[in-house]
Amino acid sequence: MTGLAKHLAASLLCAALCAPLATHADTLYSFVDEHGVMHFSDSPVTDTRYRRIAGSPPRAASTGKPQPRLAPAALRPHIEHAARQTGLDPALLHAVAQVESAFNPRAQSPKGALGLMQLMPATAKRYGVTNPLDPATNLLGGARYLSDLLRLFDDDLELALAAYNAGENAVMKYDRQIPPYRETRAYVPRVLARYALVRNTR
């Protein structure tokens, strides 16, 4: 197995141990083949080598009422526009939005984060997002924030994602390492796994 595959496998193991159980629709499966290549799937498959690795429930609080999720296809133009504006991979934005809100444009977390990319009010204001519940502007604001975090942390995607979840000051506080917060330690591999899956199925 390559060093990258081992690293990703270790991250996914962390997600499986740290993350709460998710619904079937948000479950990921993987296996590493004889060539050291890691394969992903988000649905049951006939290949018995697949094993459940992690759930990816949204951070937004559940109200017990049906949530108005958008289909990924409906979001694709907004994701691609935000990606073009920021130079990010559309698959990465897709993964972050799915993990953050499960594509619910009206998602709201207990801490007040809003929309598809779960922007905190201060972050939304910082990036000129006047209506965080609008899918297009929320995605663009989140993409700009993530792009800035990647520059801040020298294109280290793990640190950028940790900062997106816990704040850049938290990453700086722990000497530019992923903060030892249970949510953040589960969040980073969850997004990486979803990102890998989206790229492999495009």
# chains A, B, ... in the order shown; residues from 1 in each chain; ligands from 1
>>> select_by_dssp(residues="range 146-198 of chain A", states="alpha helix (DSSP H)", output="ChimeraX atom specification")
/A:146-152,157-166,168-173,182-198
>>> write_last_selection(atoms="N, CA, C and O atoms", output="short mmCIF file (atom, residue, chain, number, x, y, z; two decimals), in the first residue's frame")
data_model
loop_
_atom_site.label_atom_id
_atom_site.label_comp_id
_atom_site.auth_asym_id
_atom_site.auth_seq_id
_atom_site.Cartn_x
_atom_site.Cartn_y
_atom_site.Cartn_z
N LEU A 146 -12.59 28.69 2.17
CA LEU A 146 -11.74 27.50 2.07
C LEU A 146 -10.48 27.80 1.24
O LEU A 146 -9.38 27.34 1.58
N SER A 147 -10.63 28.57 0.18
CA SER A 147 -9.49 28.94 -0.65
C SER A 147 -8.48 29.75 0.15
O SER A 147 -7.26 29.53 0.06
N ASP A 148 -8.97 30.68 0.96
CA ASP A 148 -8.08 31.48 1.80
C ASP A 148 -7.38 30.60 2.84
O ASP A 148 -6.20 30.81 3.16
N LEU A 149 -8.09 29.62 3.38
CA LEU A 149 -7.49 28.72 4.36
C LEU A 149 -6.39 27.87 3.73
O LEU A 149 -5.35 27.62 4.36
N LEU A 150 -6.60 27.44 2.51
CA LEU A 150 -5.56 26.67 1.82
C LEU A 150 -4.30 27.52 1.62
O LEU A 150 -3.17 27.03 1.79
N ARG A 151 -4.48 28.78 1.27
CA ARG A 151 -3.32 29.66 1.13
C ARG A 151 -2.62 29.87 2.48
O ARG A 151 -1.39 29.85 2.57
N LEU A 152 -3.43 30.06 3.51
CA LEU A 152 -2.89 30.29 4.85
C LEU A 152 -2.06 29.11 5.34
O LEU A 152 -1.01 29.29 5.97
N LEU A 157 -4.39 20.46 2.72
CA LEU A 157 -5.83 20.31 2.72
C LEU A 157 -6.36 19.88 4.09
O LEU A 157 -7.42 20.34 4.52
N GLU A 158 -5.65 19.01 4.77
CA GLU A 158 -6.12 18.56 6.08
C GLU A 158 -6.21 19.73 7.06
O GLU A 158 -7.20 19.85 7.79
N LEU A 159 -5.19 20.56 7.08
CA LEU A 159 -5.21 21.71 7.98
C LEU A 159 -6.29 22.73 7.58
O LEU A 159 -6.95 23.32 8.43
N ALA A 160 -6.46 22.92 6.27
CA ALA A 160 -7.49 23.84 5.80
C ALA A 160 -8.88 23.36 6.21
O ALA A 160 -9.72 24.15 6.66
N LEU A 161 -9.12 22.06 6.09
CA LEU A 161 -10.41 21.52 6.49
C LEU A 161 -10.59 21.60 8.01
O LEU A 161 -11.69 21.90 8.50
N ALA A 162 -9.52 21.34 8.75
CA ALA A 162 -9.60 21.47 10.20
C ALA A 162 -9.94 22.90 10.59
O ALA A 162 -10.75 23.14 11.49
N ALA A 163 -9.33 23.86 9.89
CA ALA A 163 -9.61 25.26 10.17
C ALA A 163 -11.03 25.64 9.76
O ALA A 163 -11.68 26.45 10.43
N TYR A 164 -11.51 25.05 8.68
CA TYR A 164 -12.89 25.32 8.25
C TYR A 164 -13.86 24.86 9.34
O TYR A 164 -14.87 25.50 9.59
N ASN A 165 -13.54 23.76 9.98
CA ASN A 165 -14.41 23.21 11.01
C ASN A 165 -14.24 23.91 12.36
O ASN A 165 -15.23 24.23 13.02
N ALA A 166 -13.00 24.12 12.77
CA ALA A 166 -12.74 24.61 14.12
C ALA A 166 -12.27 26.06 14.17
O ALA A 166 -12.20 26.65 15.26
N GLU A 168 -9.42 28.97 12.06
CA GLU A 168 -7.98 29.01 11.82
C GLU A 168 -7.18 29.26 13.10
O GLU A 168 -6.06 28.78 13.26
N ASN A 169 -7.78 30.01 14.05
CA ASN A 169 -7.06 30.28 15.30
C ASN A 169 -6.82 29.00 16.10
O ASN A 169 -5.80 28.87 16.78
N ALA A 170 -7.76 28.05 16.01
CA ALA A 170 -7.60 26.79 16.73
C ALA A 170 -6.43 26.00 16.14
O ALA A 170 -5.64 25.39 16.87
N VAL A 171 -6.31 26.01 14.82
CA VAL A 171 -5.19 25.29 14.18
C VAL A 171 -3.87 25.96 14.54
O VAL A 171 -2.87 25.28 14.83
N MET A 172 -3.85 27.28 14.57
CA MET A 172 -2.64 27.99 14.96
C MET A 172 -2.29 27.71 16.42
O MET A 172 -1.12 27.53 16.78
N LYS A 173 -3.31 27.66 17.26
CA LYS A 173 -3.10 27.42 18.70
C LYS A 173 -2.38 26.10 18.94
O LYS A 173 -1.55 25.99 19.85
N ARG A 182 -12.87 16.28 19.16
CA ARG A 182 -13.47 15.07 18.60
C ARG A 182 -14.17 15.35 17.28
O ARG A 182 -14.03 14.60 16.31
N GLU A 183 -14.94 16.44 17.24
CA GLU A 183 -15.68 16.75 16.01
C GLU A 183 -14.73 16.99 14.84
O GLU A 183 -14.93 16.48 13.74
N THR A 184 -13.67 17.76 15.09
CA THR A 184 -12.73 18.09 14.02
C THR A 184 -11.95 16.87 13.57
O THR A 184 -11.73 16.67 12.36
N ARG A 185 -11.53 16.05 14.52
CA ARG A 185 -10.79 14.83 14.18
C ARG A 185 -11.64 13.87 13.35
O ARG A 185 -11.12 13.07 12.56
N ALA A 186 -12.95 13.90 13.53
CA ALA A 186 -13.84 13.07 12.71
C ALA A 186 -14.19 13.76 11.39
O ALA A 186 -14.33 13.11 10.36
N TYR A 187 -14.29 15.09 11.43
CA TYR A 187 -14.71 15.86 10.26
C TYR A 187 -13.71 15.77 9.11
O TYR A 187 -14.10 15.55 7.96
N VAL A 188 -12.44 15.93 9.41
CA VAL A 188 -11.43 15.97 8.35
C VAL A 188 -11.41 14.69 7.51
O VAL A 188 -11.52 14.75 6.28
N PRO A 189 -11.27 13.51 8.12
CA PRO A 189 -11.29 12.30 7.28
C PRO A 189 -12.62 12.05 6.60
O PRO A 189 -12.68 11.44 5.54
N ARG A 190 -13.70 12.53 7.20
CA ARG A 190 -15.02 12.37 6.58
C ARG A 190 -15.07 13.13 5.25
O ARG A 190 -15.54 12.61 4.24
N VAL A 191 -14.59 14.37 5.26
CA VAL A 191 -14.58 15.16 4.03
C VAL A 191 -13.61 14.55 3.02
O VAL A 191 -13.92 14.45 1.83
N LEU A 192 -12.44 14.12 3.48
CA LEU A 192 -11.46 13.53 2.56
C LEU A 192 -12.01 12.27 1.89
O LEU A 192 -11.80 12.04 0.71
N ALA A 193 -12.72 11.45 2.67
CA ALA A 193 -13.31 10.23 2.10
C ALA A 193 -14.38 10.56 1.07
O ALA A 193 -14.44 9.97 0.00
N ARG A 194 -15.23 11.53 1.40
CA ARG A 194 -16.27 11.93 0.45
C ARG A 194 -15.65 12.55 -0.80
O ARG A 194 -16.10 12.30 -1.92
N TYR A 195 -14.62 13.34 -0.61
CA TYR A 195 -13.91 13.96 -1.73
C TYR A 195 -13.34 12.91 -2.67
O TYR A 195 -13.51 12.98 -3.89
N ALA A 196 -12.72 11.89 -2.10
CA ALA A 196 -12.16 10.82 -2.91
C ALA A 196 -13.25 10.08 -3.67
O ALA A 196 -13.10 9.73 -4.85
N LEU A 197 -14.37 9.85 -3.02
CA LEU A 197 -15.47 9.15 -3.66
C LEU A 197 -16.05 9.95 -4.82
O LEU A 197 -16.29 9.43 -5.90
N VAL A 198 -16.24 11.26 -4.61
CA VAL A 198 -16.80 12.11 -5.67
C VAL A 198 -15.85 12.15 -6.87
O VAL A 198 -16.27 12.05 -8.02
#
>>> residues_around(residues="Arg106 in chain A", least_positions_apart="5", cutoff="7 Å", atoms="only C-alpha atoms", output="PDB file with C-alpha atoms, in the first residue's frame")
ATOM      1  CA  LEU A 114     -26.106  28.537   8.173  1.00  0.00           C
ATOM      2  CA  GLY A 115     -26.713  27.047   4.762  1.00  0.00           C
ATOM      3  CA  LEU A 133     -29.603  30.598   2.904  1.00  0.00           C
TER       4      LEU A 133
END
>>> closest_residue(among="A:Tyr127, A:Phe153, A:Tyr174, A:Tyr181", to="Leu139 in chain A", atoms="only C-alpha atoms")
A:Tyr127
>>> atom_distance(atom1="CA of Asp175 in chain A", atom2="CA of Thr123 in chain A")
22.6 Å
>>> atom_distance(atom1="CA of Ala73 in chain A", atom2="CA of Ala107 in chain A")
18.6 Å
>>> atom_distance(atom1="CA of Ala97 in chain A", atom2="CA of Met117 in chain A")
5.1 Å
>>> closest_residue(among="A:Val129, A:Asp134, A:Asp89, A:Arg76", to="Arg199 in chain A", atoms="only C-alpha atoms")
A:Asp89
